[in-house]
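One file, coords-v9.pdb, carrying PDB, C-alpha atoms, pLDDT in the B column:
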```
ATOM      1  CA  MET A1272      35.847   3.166 -69.738  1.00 40.00           C
ATOM      2  CA  LYS A1273      33.565   0.556 -68.233  1.00 40.00           C
ATOM      3  CA  LEU A1274      36.589  -1.100 -66.638  1.00 35.00           C
ATOM      4  CA  LEU A1275      37.649   2.224 -65.086  1.00 34.00           C
ATOM      5  CA  ILE A1276      34.152   2.825 -63.631  1.00 36.00           C
ATOM      6  CA  CYS A1277      34.068  -0.676 -62.134  1.00 39.00           C
ATOM      7  CA  CYS A1278      37.477  -0.146 -60.538  1.00 38.00           C
ATOM      8  CA  LEU A1279      36.390   3.173 -59.049  1.00 32.00           C
ATOM      9  CA  MET A1280      33.228   1.593 -57.643  1.00 36.00           C
ATOM     10  CA  ALA A1281      35.252  -1.212 -56.099  1.00 39.00           C
ATOM     11  CA  VAL A1282      37.614   1.266 -54.442  1.00 35.00           C
ATOM     12  CA  THR A1283      34.640   3.251 -53.089  1.00 38.00           C
ATOM     13  CA  VAL A1284      32.999   0.146 -51.612  1.00 35.00           C
ATOM     14  CA  ILE A1285      36.237  -1.054 -50.057  1.00 32.00           C
ATOM     15  CA  SER A1286      36.959   2.408 -48.625  1.00 37.00           C
ATOM     16  CA  GLY A1287      33.459   2.662 -47.228  1.00 40.00           C
ATOM     17  CA  CYS A1288      33.748  -0.709 -45.501  1.00 41.00           C
ATOM     18  CA  GLY A1289      37.111   0.246 -44.093  1.00 40.00           C
ATOM     19  CA  ALA A1290      35.785   3.506 -42.683  1.00 39.00           C
ATOM     20  CA  GLN A1291      32.832   1.737 -41.067  1.00 42.00           C
ATOM     21  CA  ASP A1292      35.110  -0.780 -39.381  1.00 42.00           C
ATOM     22  CA  THR A1293      37.344   2.008 -38.107  1.00 39.00           C
ATOM     23  CA  GLU A1294      34.405   3.892 -36.589  1.00 43.00           C
ATOM     24  CA  THR A1295      32.753   0.937 -34.883  1.00 43.00           C
ATOM     25  CA  ALA A1296      35.885  -0.796 -33.662  1.00 46.00           C
ATOM     26  CA  PRO A1297      36.531   1.556 -30.704  1.00 47.00           C
ATOM     27  CA  ALA A1298      32.927   1.218 -29.508  1.00 45.00           C
ATOM     28  CA  ALA A1299      33.054  -2.556 -29.768  1.00 46.00           C
ATOM     29  CA  GLN A1300      36.432  -2.605 -28.050  1.00 46.00           C
ATOM     30  CA  SER A1301      35.161  -0.344 -25.261  1.00 44.00           C
ATOM     31  CA  GLN A1302      32.131  -2.580 -24.736  1.00 47.00           C
ATOM     32  CA  ALA A1303      34.313  -5.672 -24.666  1.00 50.00           C
ATOM     33  CA  GLN A1304      36.635  -4.097 -22.098  1.00 56.00           C
ATOM     34  CA  ALA A1305      33.834  -2.967 -19.758  1.00 58.00           C
ATOM     35  CA  PRO A1306      34.367  -4.789 -16.447  1.00 72.00           C
ATOM     36  CA  ALA A1307      31.752  -7.350 -15.518  1.00 81.00           C
ATOM     37  CA  PRO A1308      29.702  -6.533 -12.405  1.00 85.00           C
ATOM     38  CA  ASP A1309      30.998  -8.144  -9.210  1.00 92.00           C
ATOM     39  CA  GLU A1310      27.992 -10.305  -8.280  1.00 96.00           C
ATOM     40  CA  ALA A1311      29.462 -11.366  -4.940  1.00 97.00           C
ATOM     41  CA  GLU A1312      29.946  -7.730  -3.970  1.00 98.00           C
ATOM     42  CA  LEU A1313      26.466  -6.766  -5.155  1.00 98.00           C
ATOM     43  CA  THR A1314      24.970  -9.681  -3.207  1.00 98.00           C
ATOM     44  CA  ALA A1315      26.785  -8.679  -0.017  1.00 98.00           C
ATOM     45  CA  ALA A1316      25.735  -5.061  -0.482  1.00 98.00           C
ATOM     46  CA  ALA A1317      22.103  -6.053  -1.062  1.00 98.00           C
ATOM     47  CA  ARG A1318      22.084  -8.385   1.947  1.00 97.00           C
ATOM     48  CA  ASN A1319      23.428  -5.620   4.179  1.00 97.00           C
ATOM     49  CA  LEU A1320      20.906  -3.117   2.809  1.00 98.00           C
ATOM     50  CA  ALA A1321      18.018  -5.527   3.448  1.00 97.00           C
ATOM     51  CA  GLY A1322      19.370  -6.084   6.948  1.00 96.00           C
ATOM     52  CA  GLN A1323      19.598  -2.351   7.646  1.00 97.00           C
ATOM     53  CA  PHE A1324      16.041  -1.822   6.453  1.00 97.00           C
ATOM     54  CA  GLY A1325      14.705  -4.798   8.419  1.00 95.00           C
ATOM     55  CA  ARG A1326      16.422  -3.786  11.661  1.00 96.00           C
ATOM     56  CA  ASP A1327      15.263  -0.172  11.443  1.00 96.00           C
ATOM     57  CA  LEU A1328      11.699  -1.231  10.705  1.00 94.00           C
ATOM     58  CA  GLN A1329      11.696  -3.810  13.491  1.00 92.00           C
ATOM     59  CA  SER A1330      13.092  -1.247  15.923  1.00 94.00           C
ATOM     60  CA  ALA A1331      10.285   1.188  15.075  1.00 93.00           C
ATOM     61  CA  LEU A1332       7.626  -1.519  15.469  1.00 91.00           C
ATOM     62  CA  LEU A1333       9.014  -2.899  18.728  1.00 91.00           C
ATOM     63  CA  GLY A1334       9.256   0.603  20.142  1.00 93.00           C
ATOM     64  CA  ALA A1335       5.635   1.307  19.237  1.00 91.00           C
ATOM     65  CA  LEU A1336       4.505  -2.092  20.514  1.00 88.00           C
ATOM     66  CA  ASN A1337       6.188  -1.577  23.878  1.00 90.00           C
ATOM     67  CA  GLU A1338       4.976   2.003  24.104  1.00 91.00           C
ATOM     68  CA  ASN A1339       1.281   1.539  23.425  1.00 89.00           C
ATOM     69  CA  GLY A1340       0.427  -1.983  22.221  1.00 88.00           C
ATOM     70  CA  PRO A1341      -0.246  -3.653  18.849  1.00 87.00           C
ATOM     71  CA  ALA A1342      -2.855  -1.179  17.605  1.00 87.00           C
ATOM     72  CA  TYR A1343      -0.350   1.662  17.929  1.00 89.00           C
ATOM     73  CA  ALA A1344       2.375  -0.489  16.336  1.00 89.00           C
ATOM     74  CA  MET A1345       0.075  -1.047  13.355  1.00 88.00           C
ATOM     75  CA  GLN A1346      -0.424   2.701  12.984  1.00 87.00           C
ATOM     76  CA  VAL A1347       3.322   3.296  13.174  1.00 87.00           C
ATOM     77  CA  CYS A1348       3.912   0.585  10.560  1.00 89.00           C
ATOM     78  CA  GLN A1349       1.354   2.173   8.247  1.00 88.00           C
ATOM     79  CA  ILE A1350       3.150   5.519   8.413  1.00 89.00           C
ATOM     80  CA  ARG A1351       6.784   4.630   8.991  1.00 92.00           C
ATOM     81  CA  ALA A1352       7.349   1.547   6.826  1.00 93.00           C
ATOM     82  CA  GLY A1353       7.290   3.521   3.581  1.00 93.00           C
ATOM     83  CA  GLU A1354       9.437   6.280   5.062  1.00 95.00           C
ATOM     84  CA  ILE A1355      12.053   3.793   6.271  1.00 95.00           C
ATOM     85  CA  ALA A1356      12.117   2.063   2.877  1.00 96.00           C
ATOM     86  CA  ALA A1357      12.587   5.429   1.156  1.00 96.00           C
ATOM     87  CA  ALA A1358      15.423   6.316   3.551  1.00 95.00           C
ATOM     88  CA  HIS A1359      17.221   3.129   2.497  1.00 97.00           C
ATOM     89  CA  SER A1360      16.701   3.718  -1.237  1.00 96.00           C
ATOM     90  CA  ALA A1361      19.246   5.992  -2.918  1.00 96.00           C
ATOM     91  CA  ALA A1362      22.196   6.112  -5.310  1.00 96.00           C
ATOM     92  CA  GLY A1363      20.757   3.471  -7.647  1.00 97.00           C
ATOM     93  CA  TRP A1364      19.596   1.182  -4.817  1.00 98.00           C
ATOM     94  CA  SER A1365      16.014   0.493  -3.722  1.00 97.00           C
ATOM     95  CA  VAL A1366      14.506  -1.782  -1.085  1.00 98.00           C
ATOM     96  CA  LYS A1367      10.944  -2.864  -0.367  1.00 97.00           C
ATOM     97  CA  ARG A1368       8.841  -5.700   1.080  1.00 97.00           C
ATOM     98  CA  VAL A1369       6.324  -7.733  -0.899  1.00 97.00           C
ATOM     99  CA  SER A1370       3.996 -10.614  -0.087  1.00 97.00           C
ATOM    100  CA  ASP A1371       1.404 -12.671  -1.923  1.00 95.00           C
ATOM    101  CA  LYS A1372      -0.763 -12.073   1.175  1.00 95.00           C
ATOM    102  CA  TRP A1373      -0.315  -8.326   1.390  1.00 93.00           C
ATOM    103  CA  ARG A1374      -1.735  -6.012   4.003  1.00 93.00           C
ATOM    104  CA  ASN A1375      -0.935  -2.755   2.279  1.00 91.00           C
ATOM    105  CA  ILE A1376      -1.707  -2.941  -1.433  1.00 91.00           C
ATOM    106  CA  THR A1377       1.649  -1.252  -2.141  1.00 91.00           C
ATOM    107  CA  GLY A1378       3.227  -4.526  -1.013  1.00 94.00           C
ATOM    108  CA  ARG A1379       1.603  -6.506  -3.811  1.00 96.00           C
ATOM    109  CA  PRO A1380       4.259  -8.371  -5.844  1.00 97.00           C
ATOM    110  CA  ASP A1381       4.653  -8.143  -9.605  1.00 95.00           C
ATOM    111  CA  SER A1382       4.704 -11.236 -11.807  1.00 95.00           C
ATOM    112  CA  ALA A1383       8.458 -11.800 -11.455  1.00 94.00           C
ATOM    113  CA  GLU A1384       8.224 -11.460  -7.662  1.00 96.00           C
ATOM    114  CA  VAL A1385       5.291 -13.887  -7.532  1.00 96.00           C
ATOM    115  CA  ALA A1386       7.511 -16.469  -9.231  1.00 93.00           C
ATOM    116  CA  VAL A1387      10.281 -15.928  -6.678  1.00 94.00           C
ATOM    117  CA  LEU A1388       7.808 -16.189  -3.786  1.00 94.00           C
ATOM    118  CA  ALA A1389       6.632 -19.495  -5.220  1.00 92.00           C
ATOM    119  CA  THR A1390      10.245 -20.703  -5.178  1.00 91.00           C
ATOM    120  CA  PHE A1391      10.563 -19.668  -1.536  1.00 92.00           C
ATOM    121  CA  ALA A1392       7.218 -21.179  -0.526  1.00 86.00           C
ATOM    122  CA  ASP A1393       8.621 -24.244   1.241  1.00 69.00           C
ATOM    123  CA  LEU A1394      11.547 -22.512   2.949  1.00 65.00           C
ATOM    124  CA  LYS A1395      11.449 -21.717   6.667  1.00 57.00           C
ATOM    125  CA  THR A1396      14.518 -19.581   7.291  1.00 56.00           C
ATOM    126  CA  ASP A1397      15.202 -15.905   6.665  1.00 56.00           C
ATOM    127  CA  SER A1398      18.771 -16.700   5.596  1.00 61.00           C
ATOM    128  CA  GLU A1399      17.517 -17.925   2.232  1.00 88.00           C
ATOM    129  CA  PHE A1400      17.993 -15.638  -0.770  1.00 93.00           C
ATOM    130  CA  LEU A1401      17.971 -15.615  -4.566  1.00 94.00           C
ATOM    131  CA  THR A1402      19.424 -13.216  -7.130  1.00 96.00           C
ATOM    132  CA  ARG A1403      18.236 -12.402 -10.641  1.00 95.00           C
ATOM    133  CA  TRP A1404      19.249 -10.020 -13.427  1.00 95.00           C
ATOM    134  CA  SER A1405      16.810  -7.917 -15.415  1.00 93.00           C
ATOM    135  CA  GLY A1406      16.867  -4.986 -17.825  1.00 87.00           C
ATOM    136  CA  PRO A1407      18.915  -4.350 -20.987  1.00 85.00           C
ATOM    137  CA  ASP A1408      22.715  -4.571 -21.040  1.00 79.00           C
ATOM    138  CA  SER A1409      23.007  -0.781 -21.051  1.00 75.00           C
ATOM    139  CA  ALA A1410      20.963  -0.430 -17.843  1.00 82.00           C
ATOM    140  CA  ARG A1411      21.087  -3.752 -16.037  1.00 94.00           C
ATOM    141  CA  VAL A1412      19.310  -4.311 -12.738  1.00 96.00           C
ATOM    142  CA  PHE A1413      20.616  -6.723 -10.116  1.00 97.00           C
ATOM    143  CA  ASN A1414      17.727  -8.033  -8.002  1.00 98.00           C
ATOM    144  CA  TYR A1415      18.193  -9.632  -4.591  1.00 98.00           C
ATOM    145  CA  TYR A1416      15.355 -11.456  -2.815  1.00 97.00           C
ATOM    146  CA  GLN A1417      15.451 -12.544   0.846  1.00 96.00           C
ATOM    147  CA  THR A1418      12.714 -14.346   2.759  1.00 94.00           C
ATOM    148  CA  ILE A1419      10.794 -12.791   5.644  1.00 94.00           C
ATOM    149  CA  VAL A1420       9.579 -15.341   8.178  1.00 91.00           C
ATOM    150  CA  VAL A1421       6.739 -14.873  10.681  1.00 92.00           C
ATOM    151  CA  ARG A1422       7.939 -14.363  14.274  1.00 90.00           C
ATOM    152  CA  GLU A1423       5.937 -14.727  17.447  1.00 89.00           C
ATOM    153  CA  MET A1424       5.480 -10.974  17.817  1.00 84.00           C
ATOM    154  CA  CYS A1425       3.973 -10.844  14.301  1.00 88.00           C
ATOM    155  CA  LEU A1426       1.060 -13.061  15.306  1.00 89.00           C
ATOM    156  CA  GLN A1427      -0.616 -10.281  17.276  1.00 85.00           C
ATOM    157  CA  CYS A1428      -1.524  -8.642  13.970  1.00 87.00           C
ATOM    158  CA  HIS A1429      -1.055 -11.460  11.460  1.00 90.00           C
ATOM    159  CA  GLY A1430      -2.143 -14.611  13.310  1.00 89.00           C
ATOM    160  CA  ASP A1431      -5.285 -16.706  13.096  1.00 86.00           C
ATOM    161  CA  LEU A1432      -8.417 -14.565  13.281  1.00 79.00           C
ATOM    162  CA  GLN A1433      -9.635 -16.568  16.278  1.00 79.00           C
ATOM    163  CA  SER A1434      -6.618 -15.384  18.263  1.00 76.00           C
ATOM    164  CA  VAL A1435      -6.433 -11.789  17.003  1.00 77.00           C
ATOM    165  CA  ASP A1436      -7.996  -9.152  19.241  1.00 80.00           C
ATOM    166  CA  LEU A1437     -11.384  -8.142  17.774  1.00 81.00           C
ATOM    167  CA  ASP A1438     -10.888  -4.401  18.287  1.00 84.00           C
ATOM    168  CA  LEU A1439      -7.470  -4.595  16.664  1.00 85.00           C
ATOM    169  CA  TRP A1440      -8.888  -6.582  13.742  1.00 85.00           C
ATOM    170  CA  GLN A1441     -11.542  -3.930  13.163  1.00 87.00           C
ATOM    171  CA  GLN A1442      -8.838  -1.256  13.051  1.00 87.00           C
ATOM    172  CA  VAL A1443      -6.855  -3.352  10.588  1.00 88.00           C
ATOM    173  CA  LYS A1444      -9.835  -3.582   8.235  1.00 88.00           C
ATOM    174  CA  ILE A1445     -10.348   0.178   8.400  1.00 90.00           C
ATOM    175  CA  ALA A1446      -6.683   0.964   7.746  1.00 89.00           C
ATOM    176  CA  TYR A1447      -6.183  -1.805   5.178  1.00 91.00           C
ATOM    177  CA  PRO A1448      -9.450  -2.623   3.372  1.00 91.00           C
ATOM    178  CA  TYR A1449      -7.650  -5.016   0.977  1.00 91.00           C
ATOM    179  CA  ASP A1450      -5.835  -6.897   3.744  1.00 92.00           C
ATOM    180  CA  LYS A1451      -4.941 -10.545   3.135  1.00 93.00           C
ATOM    181  CA  ALA A1452      -2.228 -10.862   5.783  1.00 93.00           C
ATOM    182  CA  THR A1453      -3.803 -13.063   8.451  1.00 90.00           C
ATOM    183  CA  GLY A1454      -3.896 -16.745   9.280  1.00 91.00           C
ATOM    184  CA  TYR A1455      -0.147 -17.105   9.722  1.00 93.00           C
ATOM    185  CA  LYS A1456       1.687 -19.393  12.128  1.00 92.00           C
ATOM    186  CA  GLU A1457       5.149 -18.833  13.556  1.00 92.00           C
ATOM    187  CA  GLY A1458       7.762 -19.891  11.008  1.00 88.00           C
ATOM    188  CA  ASP A1459       5.539 -19.316   7.963  1.00 91.00           C
ATOM    189  CA  LEU A1460       6.851 -17.425   4.968  1.00 92.00           C
ATOM    190  CA  ARG A1461       5.481 -13.901   5.355  1.00 93.00           C
ATOM    191  CA  GLY A1462       6.991 -12.442   2.198  1.00 95.00           C
ATOM    192  CA  MET A1463      10.386 -11.162   1.110  1.00 96.00           C
ATOM    193  CA  PHE A1464      12.699  -8.212   0.923  1.00 97.00           C
ATOM    194  CA  VAL A1465      13.408  -7.060  -2.616  1.00 98.00           C
ATOM    195  CA  VAL A1466      16.606  -5.086  -3.167  1.00 98.00           C
ATOM    196  CA  SER A1467      17.292  -3.733  -6.651  1.00 98.00           C
ATOM    197  CA  ALA A1468      20.610  -2.285  -7.777  1.00 98.00           C
ATOM    198  CA  HIS A1469      20.418  -0.211 -10.958  1.00 97.00           C
ATOM    199  CA  LEU A1470      23.738  -0.376 -12.769  1.00 95.00           C
ATOM    200  CA  PRO A1471      26.037   1.368 -13.365  1.00 93.00           C
ATOM    201  CA  GLU A1472      25.016   3.951 -10.733  1.00 96.00           C
ATOM    202  CA  ALA A1473      24.596   1.417  -7.915  1.00 97.00           C
ATOM    203  CA  GLU A1474      28.153   0.137  -8.335  1.00 96.00           C
ATOM    204  CA  LYS A1475      29.565   3.424  -7.032  1.00 96.00           C
ATOM    205  CA  ILE A1476      28.696   2.680  -3.405  1.00 97.00           C
ATOM    206  CA  ALA A1477      28.458  -1.120  -3.633  1.00 97.00           C
ATOM    207  CA  PRO A1478      31.922  -1.767  -2.060  1.00 97.00           C
ATOM    208  CA  LYS A1479      31.171   0.328   1.031  1.00 97.00           C
ATOM    209  CA  LEU A1480      27.617  -0.965   1.262  1.00 97.00           C
ATOM    210  CA  ALA A1481      29.015  -4.514   1.129  1.00 97.00           C
ATOM    211  CA  GLU A1482      31.176  -3.630   4.133  1.00 97.00           C
ATOM    212  CA  GLY A1483      28.033  -2.820   6.102  1.00 96.00           C
ATOM    213  CA  ILE A1484      28.238   0.962   6.050  1.00 96.00           C
ATOM    214  CA  PRO A1485      24.677   2.392   6.270  1.00 95.00           C
ATOM    215  CA  ILE A1486      23.434   3.772   2.981  1.00 96.00           C
ATOM    216  CA  GLY A1487      22.433   7.014   4.712  1.00 93.00           C
ATOM    217  CA  ASP A1488      26.055   7.623   5.682  1.00 95.00           C
ATOM    218  CA  LEU A1489      27.281   6.879   2.165  1.00 93.00           C
ATOM    219  CA  VAL A1490      24.766   9.180   0.521  1.00 87.00           C
ATOM    220  CA  ALA A1491      25.477  11.924   3.067  1.00 78.00           C
ATOM    221  CA  LYS A1492      29.209  11.664   2.336  1.00 64.00           C
ATOM    222  CA  ASP A1493      28.613  11.846  -1.409  1.00 56.00           C
ATOM    223  CA  THR A1494      26.400  14.909  -0.970  1.00 48.00           C
ATOM    224  CA  THR A1495      28.958  16.642   1.251  1.00 45.00           C
ATOM    225  CA  SER A1496      31.719  15.884  -1.223  1.00 42.00           C
ATOM    226  CA  ALA A1497      29.632  17.216  -4.112  1.00 41.00           C
ATOM    227  CA  ASP A1498      28.860  20.431  -2.218  1.00 44.00           C
ATOM    228  CA  THR A1499      32.529  20.953  -1.392  1.00 38.00           C
ATOM    229  CA  THR A1500      33.574  20.388  -4.988  1.00 38.00           C
ATOM    230  CA  ALA A1501      30.918  22.801  -6.250  1.00 38.00           C
ATOM    231  CA  LYS A1502      32.109  25.559  -3.889  1.00 41.00           C
ATOM    232  CA  GLN A1503      35.687  25.162  -5.067  1.00 40.00           C
TER     233      GLN A1503
END
```

Please, can you express the file's structure as structure tokens?
Amino acid sequence: MKLLICCLMAVTVISGCGAQDTETAPAAQSQAQAPAPDEAELTAAARNLAGQFGRDLQSALLGALNENGPAYAMQVCQIRAGEIAAAHSAAGWSVKRVSDKWRNITGRPDSAEVAVLATFADLKTDSEFLTRWSGPDSARVFNYYQTIVVREMCLQCHGDLQSVDLDLWQQVKIAYPYDKATGYKEGDLRGMFVVSAHLPEAEKIAPKLAEGIPIGDLVAKDTTSADTTAKQ
């Protein structure tokens, strides 16, 4: 009798182990077969997105500067910079600017970004970039960092205080009471673009974004397609 009970228990244990293996095998197999993210494609997409954002922001600032001088350009930057960043952030992608000498407190870097800025500290070209991964495997984030370098036009608002117009400086302090963004020289590291791609969602438009297609066009196409499908 005892022998029979032991045999039954052995069969139960073996059956249980077999069932567990059968249930978990497909999940493990699926995870193993999941394609690895294309880092080269993500990097190209992020570089193009940073470029789109930078060009649109520069265009708005140059237009304001030519229209009514640096004080007006500062006002436009205060209002439009966030709007332009938001317009370039969609479908799992986001873009922003940060600096360890921020003007707007929303541009203050987090601890990981401070470390990247420290790495960039001695570089003098805006072609330099770094990439990092963050987040859990189930929701990975691809982070792209690209330097922003001070240009001559930037010095009107970000140069040495002895050369900045006094009236303009007073307006800066009113608009940005926590400002640290002065004392720069041409060629200095001003900060960096930070582009984050939240996977897997961001991979959907990464190929087209890598080709240089504006994110606004890609999102508009996706929305139009979704509306058409819904109506059908």

Just want the 7 Å neighbourhood of segment 1329-1335 of chain A, counted on all atoms listed in the file, with same-chain residues fewer than 4 positions away dropped. Output as a compact mmCIF listing (two decimals) with C-alpha atoms, in the coordinates of the input.
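Dumped everything to part-v4.txt:
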```
# COMPACT_ATOMS: atom_id res chain seq x y z
CA GLY A 1325 14.70 -4.80 8.42
CA ASN A 1339 1.28 1.54 23.42
CA GLY A 1340 0.43 -1.98 22.22
CA TYR A 1343 -0.35 1.66 17.93
CA ALA A 1344 2.38 -0.49 16.34
CA VAL A 1347 3.32 3.30 13.17
CA CYS A 1348 3.91 0.58 10.56
```

Which residues of segment 1300-1362 of chain A come within 8 Å of segment 1409-1415 of chain A, and what is each one's closest atom pair and distance in Å (one decimal), counting only C-alpha atoms, sorted by chain and residue number, as JSON lines?
```
{"residue": "A:Leu1313", "atom": "CA", "partner": "A:Phe1413", "partner_atom": "CA", "distance": 7.7}
{"residue": "A:Thr1314", "atom": "CA", "partner": "A:Tyr1415", "partner_atom": "CA", "distance": 6.9}
{"residue": "A:Ala1317", "atom": "CA", "partner": "A:Tyr1415", "partner_atom": "CA", "distance": 6.4}
{"residue": "A:Arg1318", "atom": "CA", "partner": "A:Tyr1415", "partner_atom": "CA", "distance": 7.7}
```

Q.
Counting all atoms listed in the file, which residues have an atom no more than 10 Å from (11.1, -18.3, -4.7) in the file's coordinates? Please list them as a ChimeraX atom specification.
A. /A:1383-1394,1399-1401,1416-1418,1462-1463

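Taking only C-alpha atoms into account, Ser1405 of chain A lies nearest to A:Ala1468 out of the set A:Cys1425, A:Ala1362, A:Ala1468, A:Leu1432.
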
Q | Of the listed residues A:Val1421, A:Leu1336, A:Ile1355, A:Cys1428, that which approaches Ile1486 of chain A most closely, counting only C-alpha atoms | A | A:Ile1355

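Residues surrounding segment 1445-1459 of chain A within 8 Å are Lys1372, Trp1373, Arg1374, Asn1375, Ile1376, Lys1395, Thr1396, Val1420, Val1421, Arg1422, Glu1423, Leu1426, Cys1428, His1429, Gly1430, Asp1431, Leu1432 and Gln1441 of chain A [all atoms listed in the file; sequence separation below 4 positions excluded].
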
Q) Could you spell out the hits of the PyMOL selection byres ((chain A and resi 1368) around 6) on the shown file, as a PyMOL selection string? A) chain A and resi 1367+1369+1463-1464

Produce a file of the selected residues containing C-alpha atoms, as an mmCIF file, in the coordinates of the input.
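result.cif was written with the following content:
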```
data_model
loop_
_atom_site.group_PDB
_atom_site.id
_atom_site.type_symbol
_atom_site.label_atom_id
_atom_site.label_comp_id
_atom_site.auth_asym_id
_atom_site.auth_seq_id
_atom_site.Cartn_x
_atom_site.Cartn_y
_atom_site.Cartn_z
ATOM 1 C CA LYS A 1367 10.944 -2.864 -0.367
ATOM 2 C CA VAL A 1369 6.324 -7.733 -0.899
ATOM 3 C CA MET A 1463 10.386 -11.162 1.110
ATOM 4 C CA PHE A 1464 12.699 -8.212 0.923
#
```
